[in-house]
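Peer 1: You'll find coords-v3.cif just under this line, and it carries mmCIF, C-alpha atoms.
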```cif
data_my_file
loop_
_atom_site.label_atom_id
_atom_site.label_comp_id
_atom_site.auth_asym_id
_atom_site.auth_seq_id
_atom_site.Cartn_x
_atom_site.Cartn_y
_atom_site.Cartn_z
CA MET A 17 28.21 13.07 -110.00
CA PRO A 18 25.72 14.72 -107.59
CA ILE A 19 28.26 17.46 -106.80
CA ARG A 20 28.75 18.13 -110.51
CA LEU A 21 24.99 18.30 -111.04
CA LEU A 22 24.63 20.70 -108.10
CA SER A 23 27.39 22.89 -109.51
CA LEU A 24 25.64 22.91 -112.88
CA PHE A 25 22.31 23.87 -111.31
CA LEU A 26 23.93 26.70 -109.35
CA PHE A 27 25.70 27.94 -112.48
CA ILE A 28 22.45 27.97 -114.47
CA PHE A 29 20.66 29.63 -111.56
CA SER A 30 23.31 32.34 -111.28
CA CYS A 31 23.30 33.04 -115.01
CA SER A 32 19.50 33.25 -115.11
CA ILE A 33 19.45 36.01 -112.49
CA GLN A 34 22.35 37.90 -114.03
CA ALA A 35 20.76 37.84 -117.48
CA ALA A 36 17.77 39.98 -116.54
CA VAL A 37 16.11 41.09 -113.33
CA LYS A 38 12.48 41.94 -113.89
CA ILE A 39 11.11 43.47 -110.71
CA GLU A 40 7.32 43.48 -110.42
CA HIS A 41 5.49 45.60 -107.88
CA TRP A 42 1.94 45.66 -106.56
CA GLN A 43 0.00 46.07 -103.33
CA THR A 44 -1.94 43.51 -101.33
CA SER A 45 -5.61 43.98 -100.56
CA GLN A 46 -4.46 45.60 -97.30
CA GLY A 47 -2.30 48.09 -99.22
CA VAL A 48 1.06 46.44 -98.42
CA PRO A 49 3.71 46.95 -101.14
CA VAL A 50 5.08 43.75 -102.69
CA TYR A 51 8.33 43.50 -104.68
CA TYR A 52 8.69 40.30 -106.67
CA VAL A 53 11.15 38.61 -109.01
CA ASN A 54 10.32 35.27 -110.58
CA ASN A 55 13.26 32.93 -110.94
CA PRO A 56 12.27 29.33 -111.69
CA ALA A 57 15.82 27.97 -112.08
CA LEU A 58 15.72 26.20 -108.70
CA PRO A 59 12.64 24.99 -106.79
CA MET A 60 13.01 27.39 -103.89
CA VAL A 61 11.89 30.84 -102.83
CA ASP A 62 13.10 33.57 -100.48
CA ILE A 63 10.49 35.69 -98.70
CA LYS A 64 11.06 38.71 -96.48
CA VAL A 65 8.61 40.91 -94.60
CA VAL A 66 10.11 44.29 -93.70
CA PHE A 67 8.83 46.85 -91.22
CA ASP A 68 9.85 50.41 -90.41
CA ALA A 69 10.64 49.09 -86.94
CA GLY A 70 14.37 49.44 -86.42
CA SER A 71 16.14 50.99 -83.45
CA ALA A 72 15.38 54.47 -84.76
CA ARG A 73 11.90 53.73 -83.32
CA ASP A 74 13.18 52.81 -79.84
CA LYS A 75 12.46 56.25 -78.38
CA VAL A 76 13.92 56.13 -74.86
CA LYS A 77 13.71 52.34 -74.53
CA TYR A 78 17.01 51.83 -76.32
CA GLY A 79 17.28 48.30 -77.66
CA ILE A 80 13.57 47.44 -77.65
CA ALA A 81 13.29 47.07 -81.44
CA ALA A 82 16.07 44.47 -81.64
CA PHE A 83 14.87 42.80 -78.44
CA THR A 84 11.33 42.46 -79.78
CA SER A 85 12.60 41.09 -83.08
CA GLY A 86 14.66 38.49 -81.26
CA LEU A 87 11.62 37.30 -79.31
CA LEU A 88 9.35 36.64 -82.30
CA ASP A 89 10.45 33.06 -82.99
CA THR A 90 10.89 32.04 -79.34
CA GLY A 91 7.21 31.22 -79.12
CA ALA A 92 4.16 31.81 -81.31
CA GLY A 93 0.65 30.41 -81.50
CA LYS A 94 0.68 27.03 -79.73
CA TRP A 95 4.40 26.39 -80.36
CA ASN A 96 7.51 27.03 -78.30
CA ALA A 97 10.93 27.77 -79.77
CA ASP A 98 11.88 24.10 -80.15
CA GLN A 99 8.63 23.26 -81.91
CA ILE A 100 9.04 26.20 -84.27
CA ALA A 101 12.57 25.11 -85.11
CA GLU A 102 11.39 21.55 -85.69
CA ARG A 103 8.65 22.68 -88.07
CA PHE A 104 11.15 24.52 -90.25
CA GLU A 105 13.75 21.75 -90.06
CA SER A 106 11.20 19.10 -91.05
CA VAL A 107 10.70 20.79 -94.42
CA GLY A 108 14.28 21.95 -94.95
CA ALA A 109 13.41 25.62 -94.51
CA GLN A 110 15.49 28.40 -93.01
CA PHE A 111 13.91 31.21 -90.99
CA GLY A 112 15.42 34.34 -89.52
CA VAL A 113 14.57 37.60 -87.80
CA GLY A 114 16.64 40.75 -87.56
CA ALA A 115 16.56 44.43 -86.72
CA GLY A 116 18.90 47.25 -87.68
CA THR A 117 18.72 51.00 -87.35
CA ASP A 118 16.01 51.72 -89.92
CA SER A 119 14.12 48.44 -90.26
CA ALA A 120 13.25 45.04 -88.83
CA SER A 121 12.43 41.93 -90.82
CA LEU A 122 11.38 38.28 -90.87
CA SER A 123 12.80 36.10 -93.64
CA LEU A 124 12.12 32.61 -94.96
CA ARG A 125 13.92 30.39 -97.45
CA THR A 126 12.00 27.28 -98.41
CA LEU A 127 11.50 24.76 -101.18
CA THR A 128 8.42 25.32 -103.34
CA GLU A 129 7.08 21.75 -103.34
CA PRO A 130 3.52 22.40 -102.08
CA LYS A 131 3.55 20.31 -98.88
CA LEU A 132 6.91 21.70 -97.79
CA PHE A 133 6.13 25.26 -98.82
CA ASP A 134 2.69 25.34 -97.20
CA LYS A 135 4.02 24.19 -93.82
CA ALA A 136 6.92 26.66 -93.86
CA LEU A 137 4.68 29.57 -94.88
CA ALA A 138 2.05 28.70 -92.27
CA THR A 139 4.74 28.65 -89.58
CA MET A 140 6.08 32.04 -90.68
CA GLN A 141 2.57 33.47 -90.69
CA VAL A 142 1.93 32.37 -87.10
CA ILE A 143 5.28 33.81 -85.94
CA LEU A 144 4.43 37.08 -87.66
CA THR A 145 0.89 37.39 -86.35
CA GLN A 146 0.77 35.44 -83.05
CA PRO A 147 4.02 35.92 -81.10
CA LYS A 148 3.64 34.92 -77.44
CA PHE A 149 6.17 37.11 -75.62
CA ALA A 150 5.95 34.56 -72.80
CA GLN A 151 7.67 35.41 -69.53
CA VAL A 152 10.06 32.44 -69.66
CA ASP A 153 11.13 33.27 -73.22
CA PHE A 154 11.46 36.93 -72.32
CA GLU A 155 13.75 36.23 -69.38
CA ARG A 156 15.93 33.89 -71.44
CA GLU A 157 16.31 36.49 -74.20
CA GLN A 158 17.00 39.23 -71.68
CA LYS A 159 19.83 37.23 -70.12
CA ARG A 160 21.29 36.53 -73.56
CA VAL A 161 21.18 40.17 -74.63
CA LEU A 162 22.58 41.43 -71.34
CA ALA A 163 25.48 38.98 -71.61
CA GLY A 164 26.23 40.36 -75.07
CA LEU A 165 26.08 43.93 -73.82
CA LYS A 166 28.44 43.06 -70.98
CA HIS A 167 30.86 41.55 -73.47
CA ARG A 168 30.59 44.72 -75.58
CA GLU A 169 32.19 46.67 -72.74
CA GLU A 170 35.35 44.60 -73.24
CA SER A 171 35.69 45.38 -76.96
CA PRO A 172 37.56 48.56 -77.92
CA GLY A 173 36.08 48.38 -81.42
CA ALA A 174 32.54 48.27 -80.04
CA ILE A 175 33.29 51.10 -77.62
CA ALA A 176 34.63 53.18 -80.51
CA ALA A 177 31.49 52.51 -82.57
CA LEU A 178 29.21 53.61 -79.71
CA ALA A 179 31.12 56.82 -79.05
CA TYR A 180 31.42 57.56 -82.75
CA ASP A 181 27.67 57.30 -83.42
CA LYS A 182 26.98 59.51 -80.43
CA ALA A 183 29.50 62.09 -81.62
CA LEU A 184 27.91 62.21 -85.08
CA TYR A 185 24.26 62.19 -84.13
CA GLY A 186 23.92 63.76 -80.68
CA GLU A 187 20.30 63.18 -79.59
CA HIS A 188 19.02 61.91 -82.95
CA PRO A 189 17.72 58.29 -82.89
CA TYR A 190 20.74 57.24 -84.99
CA ALA A 191 22.99 58.08 -82.03
CA TYR A 192 21.91 55.03 -80.02
CA PRO A 193 22.94 51.40 -80.56
CA SER A 194 20.42 48.91 -81.92
CA SER A 195 21.23 46.52 -79.10
CA GLY A 196 20.58 49.17 -76.45
CA TYR A 197 22.37 49.55 -73.12
CA ILE A 198 22.54 47.40 -70.00
CA GLU A 199 20.66 50.13 -68.14
CA THR A 200 17.72 50.06 -70.57
CA VAL A 201 17.53 46.35 -71.46
CA SER A 202 17.64 45.29 -67.81
CA LYS A 203 14.43 47.26 -67.23
CA PHE A 204 12.46 45.77 -70.14
CA LYS A 205 9.23 43.93 -69.41
CA PRO A 206 7.19 41.65 -71.72
CA SER A 207 4.64 44.44 -72.01
CA ASP A 208 7.30 46.66 -73.62
CA SER A 209 7.85 44.20 -76.46
CA LYS A 210 4.13 43.58 -76.83
CA GLN A 211 3.52 47.31 -77.14
CA PHE A 212 6.34 47.80 -79.65
CA TYR A 213 5.05 44.88 -81.71
CA GLN A 214 1.50 46.22 -81.68
CA ASN A 215 2.67 49.69 -82.73
CA TYR A 216 4.99 48.74 -85.57
CA TYR A 217 4.20 45.23 -86.85
CA VAL A 218 1.14 46.34 -88.78
CA THR A 219 0.19 46.29 -92.46
CA ALA A 220 0.40 50.10 -92.76
CA ASN A 221 4.08 49.77 -91.85
CA ALA A 222 4.96 46.61 -93.83
CA MET A 223 6.59 45.65 -97.11
CA ILE A 224 7.04 42.20 -98.69
CA VAL A 225 9.82 40.86 -100.93
CA ILE A 226 9.49 37.56 -102.81
CA VAL A 227 12.26 36.11 -105.01
CA GLY A 228 12.26 32.63 -106.51
CA ALA A 229 10.25 29.88 -108.16
CA LEU A 230 6.74 31.12 -107.43
CA ASP A 231 4.64 32.39 -110.30
CA LYS A 232 2.83 35.72 -110.05
CA GLN A 233 -0.39 34.22 -108.70
CA GLN A 234 1.45 32.14 -106.11
CA ALA A 235 3.41 35.21 -105.02
CA THR A 236 0.19 37.21 -104.76
CA ASP A 237 -1.46 34.51 -102.65
CA THR A 238 1.64 34.25 -100.44
CA ALA A 239 1.64 37.97 -99.70
CA GLU A 240 -2.08 37.93 -98.93
CA THR A 241 -1.65 34.97 -96.56
CA LEU A 242 1.16 36.65 -94.63
CA MET A 243 -0.76 39.89 -94.13
CA ALA A 244 -4.26 38.48 -93.60
CA LYS A 245 -4.23 38.47 -89.79
CA LEU A 246 -2.16 41.58 -89.14
CA PRO A 247 -4.03 44.73 -88.07
CA LYS A 248 -3.81 47.78 -90.31
CA GLY A 249 -2.36 50.11 -87.67
CA GLN A 250 -0.62 53.32 -88.64
CA LYS A 251 2.61 54.26 -90.35
CA PRO A 252 5.00 55.88 -87.85
CA THR A 253 5.86 59.54 -87.96
CA PRO A 254 8.82 60.30 -90.27
CA LEU A 255 12.19 60.52 -88.53
CA ALA A 256 13.63 63.92 -87.81
CA ASP A 257 16.31 65.19 -90.17
CA VAL A 258 19.92 64.78 -89.10
CA LYS A 259 21.69 67.98 -88.10
CA LEU A 260 25.35 68.31 -89.00
CA PRO A 261 27.80 68.83 -86.11
CA GLU A 262 28.62 72.47 -85.41
CA LYS A 263 32.39 71.88 -85.38
CA ALA A 264 35.07 69.21 -85.46
CA THR A 265 35.73 67.35 -82.21
CA THR A 266 38.22 64.74 -80.99
CA GLN A 267 37.38 62.24 -78.27
CA TYR A 268 39.99 60.00 -76.69
CA ILE A 269 38.83 56.97 -74.71
CA ASN A 270 41.44 55.13 -72.68
CA PHE A 271 41.35 51.34 -72.96
CA PRO A 272 43.96 48.81 -71.82
CA SER A 273 45.05 47.59 -75.24
CA THR A 274 48.18 47.78 -77.40
CA GLN A 275 46.14 48.88 -80.43
CA THR A 276 44.03 52.00 -80.90
CA HIS A 277 40.78 51.93 -82.86
CA VAL A 278 40.24 55.08 -84.89
CA ARG A 279 37.04 56.38 -86.46
CA VAL A 280 36.70 59.71 -88.22
CA GLY A 281 33.65 61.07 -90.04
CA PHE A 282 30.38 62.94 -90.02
CA PRO A 283 26.79 62.45 -91.29
CA GLY A 284 27.12 61.96 -95.03
CA MET A 285 24.05 61.17 -97.14
CA ASP A 286 20.68 59.46 -97.36
CA ARG A 287 19.48 56.98 -99.99
CA HIS A 288 18.04 59.71 -102.21
CA ASP A 289 21.08 61.97 -102.24
CA LYS A 290 21.65 63.48 -105.68
CA ASP A 291 25.41 63.09 -105.24
CA TYR A 292 25.16 59.41 -104.28
CA ILE A 293 26.76 57.92 -107.39
CA ALA A 294 29.59 60.48 -107.60
CA LEU A 295 30.36 60.05 -103.89
CA TYR A 296 30.14 56.27 -104.16
CA VAL A 297 32.55 56.07 -107.09
CA GLY A 298 34.88 58.63 -105.54
CA ASN A 299 34.97 56.81 -102.23
CA HIS A 300 35.80 53.58 -104.06
CA ILE A 301 39.04 55.28 -105.03
CA LEU A 302 39.58 57.00 -101.68
CA GLY A 303 39.09 54.10 -99.30
CA GLY A 304 36.45 51.68 -100.50
CA SER A 305 38.44 49.44 -102.82
CA GLY A 306 40.67 47.70 -100.31
CA LEU A 307 44.27 47.10 -101.34
CA VAL A 308 44.23 49.61 -104.21
CA SER A 309 42.60 52.54 -102.40
CA LYS A 310 44.44 55.76 -101.62
CA LEU A 311 44.00 55.37 -97.87
CA PHE A 312 45.43 51.85 -97.94
CA LYS A 313 48.44 52.97 -99.95
CA GLU A 314 49.16 55.97 -97.73
CA VAL A 315 48.53 54.26 -94.38
CA ARG A 316 49.69 50.68 -95.01
CA GLU A 317 51.99 50.53 -98.00
CA LYS A 318 53.94 53.75 -97.53
CA ARG A 319 54.08 53.95 -93.75
CA GLY A 320 53.04 50.61 -92.29
CA LEU A 321 50.80 52.31 -89.74
CA ALA A 322 47.95 49.80 -89.89
CA TYR A 323 47.00 46.48 -91.40
CA SER A 324 44.24 48.23 -93.33
CA ALA A 325 42.56 51.61 -93.69
CA TYR A 326 39.13 52.23 -95.16
CA SER A 327 36.36 54.71 -95.83
CA TYR A 328 32.70 54.31 -96.68
CA PHE A 329 29.38 56.08 -97.06
CA SER A 330 26.46 54.32 -95.40
CA PRO A 331 23.28 55.94 -96.77
CA MET A 332 20.16 55.47 -94.65
CA VAL A 333 16.62 56.88 -94.45
CA LYS A 334 18.25 60.02 -93.09
CA LYS A 335 21.90 61.00 -93.44
CA GLY A 336 24.03 57.95 -92.72
CA PRO A 337 27.72 58.28 -91.80
CA PHE A 338 30.74 58.95 -93.96
CA THR A 339 33.47 57.11 -92.09
CA MET A 340 37.23 56.67 -92.28
CA GLY A 341 38.85 54.15 -90.00
CA LEU A 342 41.85 52.07 -89.05
CA GLN A 343 43.48 50.24 -86.17
CA THR A 344 47.05 51.08 -85.24
CA LYS A 345 49.65 50.78 -82.48
CA ASN A 346 48.98 53.20 -79.63
CA GLU A 347 52.19 55.15 -80.20
CA GLN A 348 51.34 55.63 -83.90
CA THR A 349 47.84 57.02 -83.40
CA GLN A 350 48.66 60.69 -83.91
CA GLU A 351 50.66 59.98 -87.05
CA ALA A 352 47.89 57.80 -88.42
CA LEU A 353 45.33 60.54 -87.79
CA LYS A 354 47.50 63.04 -89.65
CA VAL A 355 47.77 60.69 -92.62
CA LEU A 356 43.99 60.22 -92.70
CA SER A 357 43.44 63.97 -92.59
CA THR A 358 46.10 64.77 -95.19
CA THR A 359 44.90 62.06 -97.57
CA LEU A 360 41.29 63.22 -97.35
CA ASN A 361 42.15 66.91 -97.81
CA THR A 362 44.39 66.12 -100.78
CA PHE A 363 41.64 64.00 -102.29
CA ILE A 364 39.10 66.82 -101.90
CA ASP A 365 41.47 69.40 -103.35
CA ASN A 366 42.87 67.36 -106.25
CA GLY A 367 40.16 64.87 -107.04
CA VAL A 368 40.97 61.74 -109.03
CA THR A 369 42.80 61.02 -112.27
CA GLU A 370 41.19 59.70 -115.41
CA GLU A 371 43.13 56.46 -115.00
CA GLU A 372 41.88 56.00 -111.44
CA LEU A 373 38.32 56.65 -112.54
CA ILE A 374 38.49 54.14 -115.40
CA ALA A 375 39.86 51.46 -113.07
CA ALA A 376 37.18 52.19 -110.47
CA LYS A 377 34.36 52.02 -113.00
CA LYS A 378 35.65 48.73 -114.36
CA ASN A 379 35.86 47.28 -110.87
CA ILE A 380 32.41 48.50 -109.80
CA THR A 381 30.46 47.60 -112.92
CA GLY A 382 32.40 44.45 -113.70
CA GLY A 383 31.47 42.82 -110.41
CA PHE A 384 28.04 44.38 -110.00
CA VAL A 385 25.98 41.39 -111.17
CA LEU A 386 27.74 39.20 -108.62
CA ARG A 387 26.11 41.26 -105.89
CA PHE A 388 22.73 39.76 -106.73
CA ASP A 389 23.62 36.43 -108.31
CA ASN A 390 21.40 34.41 -105.98
CA ASN A 391 17.97 34.73 -104.38
CA SER A 392 19.28 35.87 -101.01
CA LYS A 393 21.41 38.70 -102.39
CA LEU A 394 18.68 39.80 -104.77
CA MET A 395 16.15 39.80 -101.94
CA SER A 396 18.38 42.18 -100.00
CA TYR A 397 18.53 44.56 -102.97
CA LEU A 398 14.76 44.40 -103.46
CA GLY A 399 14.33 45.13 -99.77
CA MET A 400 16.50 48.22 -100.15
CA ILE A 401 14.66 49.33 -103.30
CA GLY A 402 11.26 48.89 -101.70
CA PHE A 403 12.07 50.30 -98.27
CA HIS A 404 13.68 53.43 -99.70
CA HIS A 405 11.22 53.80 -102.59
CA LEU A 406 13.89 53.61 -105.27
CA PRO A 407 13.06 53.11 -108.98
CA LEU A 408 12.28 49.55 -110.07
CA ASP A 409 15.02 49.81 -112.71
CA TYR A 410 17.65 50.64 -110.06
CA LEU A 411 19.70 47.48 -110.67
CA GLU A 412 19.43 47.84 -114.43
CA THR A 413 20.51 51.48 -114.55
CA PHE A 414 23.15 51.47 -111.80
CA PRO A 415 26.08 50.48 -114.09
CA GLN A 416 25.10 53.11 -116.66
CA ARG A 417 24.89 55.77 -113.96
CA VAL A 418 28.36 54.81 -112.77
CA GLU A 419 29.74 55.00 -116.30
CA LYS A 420 28.44 58.55 -116.70
CA ILE A 421 30.43 59.86 -113.72
CA THR A 422 33.32 62.14 -114.66
CA VAL A 423 36.47 63.30 -112.88
CA ALA A 424 34.82 66.69 -112.45
CA ASP A 425 31.67 65.12 -110.94
CA ILE A 426 33.70 63.45 -108.19
CA LYS A 427 35.77 66.51 -107.38
CA GLU A 428 32.71 68.76 -107.21
CA ALA A 429 30.72 66.30 -105.11
CA PHE A 430 33.50 65.83 -102.53
CA LYS A 431 34.20 69.56 -102.32
CA ARG A 432 30.51 70.26 -101.87
CA ARG A 433 29.61 67.42 -99.51
CA VAL A 434 32.62 66.29 -97.44
CA ARG A 435 33.38 68.82 -94.71
CA PRO A 436 36.77 68.35 -92.98
CA GLU A 437 35.95 71.18 -90.58
CA LEU A 438 33.07 69.10 -89.20
CA LEU A 439 34.77 65.73 -88.80
CA GLN A 440 34.22 63.88 -85.54
CA THR A 441 37.22 61.84 -84.37
CA VAL A 442 37.03 59.00 -81.86
CA THR A 443 40.00 56.93 -80.72
CA VAL A 444 39.89 54.02 -78.27
CA GLY A 445 43.16 52.53 -77.08
CA GLY A 446 45.90 52.40 -74.48
CA SER A 447 47.82 55.54 -75.32
CA VAL A 448 48.79 57.58 -72.26
CA GLU A 449 48.72 60.83 -74.22
CA LYS A 450 45.46 62.17 -75.52
CA VAL A 451 45.25 62.47 -79.28
CA LYS A 452 45.25 66.03 -80.54
CA LYS A 453 44.04 67.33 -83.82
#
```
Just give me the structure of the file as structure tokens.

Peer 2:
Amino acid sequence: MPIRLLSLFLFIFSCSIQAAVKIEHWQTSQGVPVYYVNNPALPMVDIKVVFDAGSARDKVKYGIAAFTSGLLDTGAGKWNADQIAERFESVGAQFGVGAGTDSASLSLRTLTEPKLFDKALATMQVILTQPKFAQVDFEREQKRVLAGLKHREESPGAIAALAYDKALYGEHPYAYPSSGYIETVSKFKPSDSKQFYQNYYVTANAMIVIVGALDKQQATDTAETLMAKLPKGQKPTPLADVKLPEKATTQYINFPSTQTHVRVGFPGMDRHDKDYIALYVGNHILGGSGLVSKLFKEVREKRGLAYSAYSYFSPMVKKGPFTMGLQTKNEQTQEALKVLSTTLNTFIDNGVTEEELIAAKKNITGGFVLRFDNNSKLMSYLGMIGFHHLPLDYLETFPQRVEKITVADIKEAFKRRVRPELLQTVTVGGSVEKVKK
């Protein structure tokens, strides 16, 4: 019976979010943007505080953004890591920190019963505003990160990702891994994290997302509480624009493995790109739809060169990558690269059929509501909308924008925006012969 009741609650909760998403937006008294959706179906709330404090802000201390983020909940105020964990566990709350390329965040999921909520929120506020960066916690985190970086050297996929980003972005901040390098992380000191925190974890650089069973006044009070003890600070200087590569290159990295990891691409688009929808829908057909994509059919079904083949656009604050990839046997690498190239060029030249477009639209719009059918997913979308300053009706209008795309739109967008003559190719595997274009 309890399981059935839980299933019913989850069903009602899911339907209530899918029915209508009303995003409200305001600023705290400190000027911090707040994005809020009220959903009273379940007595819980998800809260996220986002900062423009990702690895793009590392400068030459590669890895410091992620390292600082990882230290926040290891000690804050008068509590150590165990005491912080116990405080959240005692009220059934979940807390997390994270840092990517563009942003860093702290997130909380908690029940809204006042005693439970108040304790969870107070704990989050102390972590946000009073991190210790104690020497013992610092050294423990440094050992953990260095062990992960050492392990990264043994992964051909990770090596390919590092070389690929460097090939695409040169000396731009996007060229460097969020986790940093052994050479940089090993030199970090507690003062480095303290300085990064003081520079970027400020109200001028913050944004708040709240989704769940808090009313507007409760959400307003929550945002004010979280920001009350943070200094105003300054918003960081905008990132430099991404420069496209001057020409196509191929980089072969020898690695003792029977499989070769392949990545091919170049800087594609940012979140405000006018061609975003046409490129997104077109890529769904090219390599973004899994088993029914053109790349999968050409690489896997027709030739058996790889278990899978894919492509994607990853829009960011600045131009994120357009990437094609696969993993194949070493001796099949050159053939696989030719198939990737031929398939892409054919796609650019010929575009898509009306039947392919109809199927893609049905797949994209038909499953769209499932992408934000719970608080956590919706919070991620609100974070994206707020961080990239997208319209508040983004979720509402996205399906209609997809439906308006035509065969001609896709062909024109790919011809205009995807540049085969600038593709950067990286292969990592055990082939004895270097891959040639």

Peer 1: If you measure from CA of Met395 (chain A) to CA of Phe149 (chain A), what distance in Å do you get, rounded to one decimal?

Peer 2: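 Taking CA of Met395 (chain A) as the start and CA of Phe149 (chain A) as the end point, the length is 28.3 Å.
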
Peer 1: Using all atoms listed in the file, which of the listed residues (A:Lys131, A:Lys148, A:Arg156, A:Lys334) sits closest to Asp89 (chain A)?

Peer 2: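 Nearest to Asp89 (chain A): A:Lys148.
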
Peer 1: Contacts between region 267-282 of chain A and region 300-408 of chain A, please, where a residue of region 300-408 of chain A counts if it comes within 6 Å (with only C-alpha atoms); show its shortest atom pair and distance in Å to one decimal, rows by chain and ascending number, as JSON lines.

Peer 2:
```
{"residue": "A:Pro337", "atom": "CA", "partner": "A:Phe282", "partner_atom": "CA", "distance": 5.7}
{"residue": "A:Phe338", "atom": "CA", "partner": "A:Gly281", "partner_atom": "CA", "distance": 5.3}
{"residue": "A:Thr339", "atom": "CA", "partner": "A:Gly281", "partner_atom": "CA", "distance": 4.5}
{"residue": "A:Met340", "atom": "CA", "partner": "A:Val280", "partner_atom": "CA", "distance": 5.1}
{"residue": "A:Gly341", "atom": "CA", "partner": "A:Arg279", "partner_atom": "CA", "distance": 4.6}
{"residue": "A:Leu342", "atom": "CA", "partner": "A:Val278", "partner_atom": "CA", "distance": 5.4}
{"residue": "A:Gln343", "atom": "CA", "partner": "A:His277", "partner_atom": "CA", "distance": 4.6}
{"residue": "A:Thr344", "atom": "CA", "partner": "A:Thr276", "partner_atom": "CA", "distance": 5.4}
{"residue": "A:Lys345", "atom": "CA", "partner": "A:Gln275", "partner_atom": "CA", "distance": 4.5}
{"residue": "A:Asn346", "atom": "CA", "partner": "A:Gln275", "partner_atom": "CA", "distance": 5.2}
```

Peer 1: Taking the file as I've supplied it (selection: the PyMOL selection byres ((chain A and resi 407-420) around 6)), which residues are included? Please answer as a compact mmCIF listing (two decimals) with C-alpha atoms, keeping the file's coordinate frame.

Peer 2:
```txt
# COMPACT_ATOMS: atom_id res chain seq x y z
CA THR A 381 30.46 47.60 -112.92
CA LEU A 406 13.89 53.61 -105.27
CA ILE A 421 30.43 59.86 -113.72
```

Peer 1: I'd like to know which of A:Lys427, A:Lys77, A:Lys251, A:Lys210 is closest to Ala222 (chain A), using only C-alpha atoms.

Peer 2: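 That would be A:Lys251, the residue with the smallest distance to Ala222 (chain A).
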
Peer 1: Using Å and a single decimal, report how far CA of Gln141 (chain A) sits from CA of Leu242 (chain A).

Peer 2: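 We find that CA of Leu242 (chain A) and CA of Gln141 (chain A) lie 5.3 Å from each other.
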
Peer 1: For the atom pair CA of Ala264 (chain A) and CA of Thr441 (chain A), what is the interatomic distance in Å to one decimal place?

Peer 2: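 CA of Thr441 (chain A) lies at a distance of 7.8 Å from CA of Ala264 (chain A).
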
Peer 1: Which residues match the PyMOL selection byres ((chain A and resi 90) around 10) in the file above, as a ChimeraX atom specification?

Peer 2: /A:85-89,91-92,95-101,143,147-150,152-154,156-157

Peer 1: Select, from A:Val227, A:Met400, A:Pro56, A:Trp42, the residue with the minimum atom-to-atom distance to His288 (chain A), counting only C-alpha atoms.

Peer 2: A:Met400

Peer 1: Using all atoms listed in the file, which of the listed residues (A:Glu199, A:Val423, A:Ser194, A:Asn391) sits closest to Leu178 (chain A)?

Peer 2: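 Counting all atoms listed in the file, the residue closest to Leu178 (chain A) is A:Ser194.
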
Peer 1: Tell me which protein, DNA and RNA residues are within 7 Å of His41 (chain A), counting all atoms listed in the file, leaving out same-chain ones fewer than 4 positions away, and put them as a list in words.

Peer 2: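 With the cut-off at 7 Å, the set is Val50, Tyr51 and Tyr52 of chain A.
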
Peer 1: Using only C-alpha atoms for the distances, tell me which of A:Lys378, A:Arg125, A:Arg160, A:Lys393 is nearest to Pro59 (chain A).

Peer 2: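 Nearest to Pro59 (chain A): A:Arg125.
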
Peer 1: Please expand the PyMOL selection byres ((chain A and resi 327) around 12) into the concrete residues it hits in this file, giving the result as a PyMOL selection string.

Peer 2: chain A and resi 278-282+284+295-306+309-312+324-326+328-330+337-342+356+359-360

Peer 1: Please check which residues have atoms at most 9 Å from (14.5, 33.6, -98.7) in the file's coordinates, counting only C-alpha atoms, and write them as a ChimeraX atom specification.

Peer 2: /A:60-64,110-111,123-126,225-228,391-392,395

Peer 1: Output C-alpha atoms of each residue in that selection to a file, as a PDB file, keeping the file's coordinate frame.

Peer 2:
```pdb
ATOM      1  CA  MET A  60      13.010  27.390-103.890  1.00  0.00           C
ATOM      2  CA  VAL A  61      11.890  30.840-102.830  1.00  0.00           C
ATOM      3  CA  ASP A  62      13.100  33.570-100.480  1.00  0.00           C
ATOM      4  CA  ILE A  63      10.490  35.690 -98.700  1.00  0.00           C
ATOM      5  CA  LYS A  64      11.060  38.710 -96.480  1.00  0.00           C
ATOM      6  CA  GLN A 110      15.490  28.400 -93.010  1.00  0.00           C
ATOM      7  CA  PHE A 111      13.910  31.210 -90.990  1.00  0.00           C
ATOM      8  CA  SER A 123      12.800  36.100 -93.640  1.00  0.00           C
ATOM      9  CA  LEU A 124      12.120  32.610 -94.960  1.00  0.00           C
ATOM     10  CA  ARG A 125      13.920  30.390 -97.450  1.00  0.00           C
ATOM     11  CA  THR A 126      12.000  27.280 -98.410  1.00  0.00           C
ATOM     12  CA  VAL A 225       9.820  40.860-100.930  1.00  0.00           C
ATOM     13  CA  ILE A 226       9.490  37.560-102.810  1.00  0.00           C
ATOM     14  CA  VAL A 227      12.260  36.110-105.010  1.00  0.00           C
ATOM     15  CA  GLY A 228      12.260  32.630-106.510  1.00  0.00           C
ATOM     16  CA  ASN A 391      17.970  34.730-104.380  1.00  0.00           C
ATOM     17  CA  SER A 392      19.280  35.870-101.010  1.00  0.00           C
ATOM     18  CA  MET A 395      16.150  39.800-101.940  1.00  0.00           C
TER      19      MET A 395
END
```

Peer 1: With only C-alpha atoms as the counted atoms, please give the residues lying no more than 10 Å from Asp74 (chain A), apart from itself and same-chain residues fewer than 2 positions off, as a ChimeraX atom specification.

Peer 2: /A:69-72,76-82,117,189,192-194,196,212

Peer 1: Specify the axis-aligned box that encloses all atoms of region 252-259 of chain A listed in the file after padding of 5 Å on each side, stating its centre and edge lengths in Å to one decimal as lines of an AutoDock Vina configuration file.

Peer 2:
```
center_x = 13.3
center_y = 61.9
center_z = -89.0
size_x = 26.7
size_y = 22.1
size_z = 12.5
```
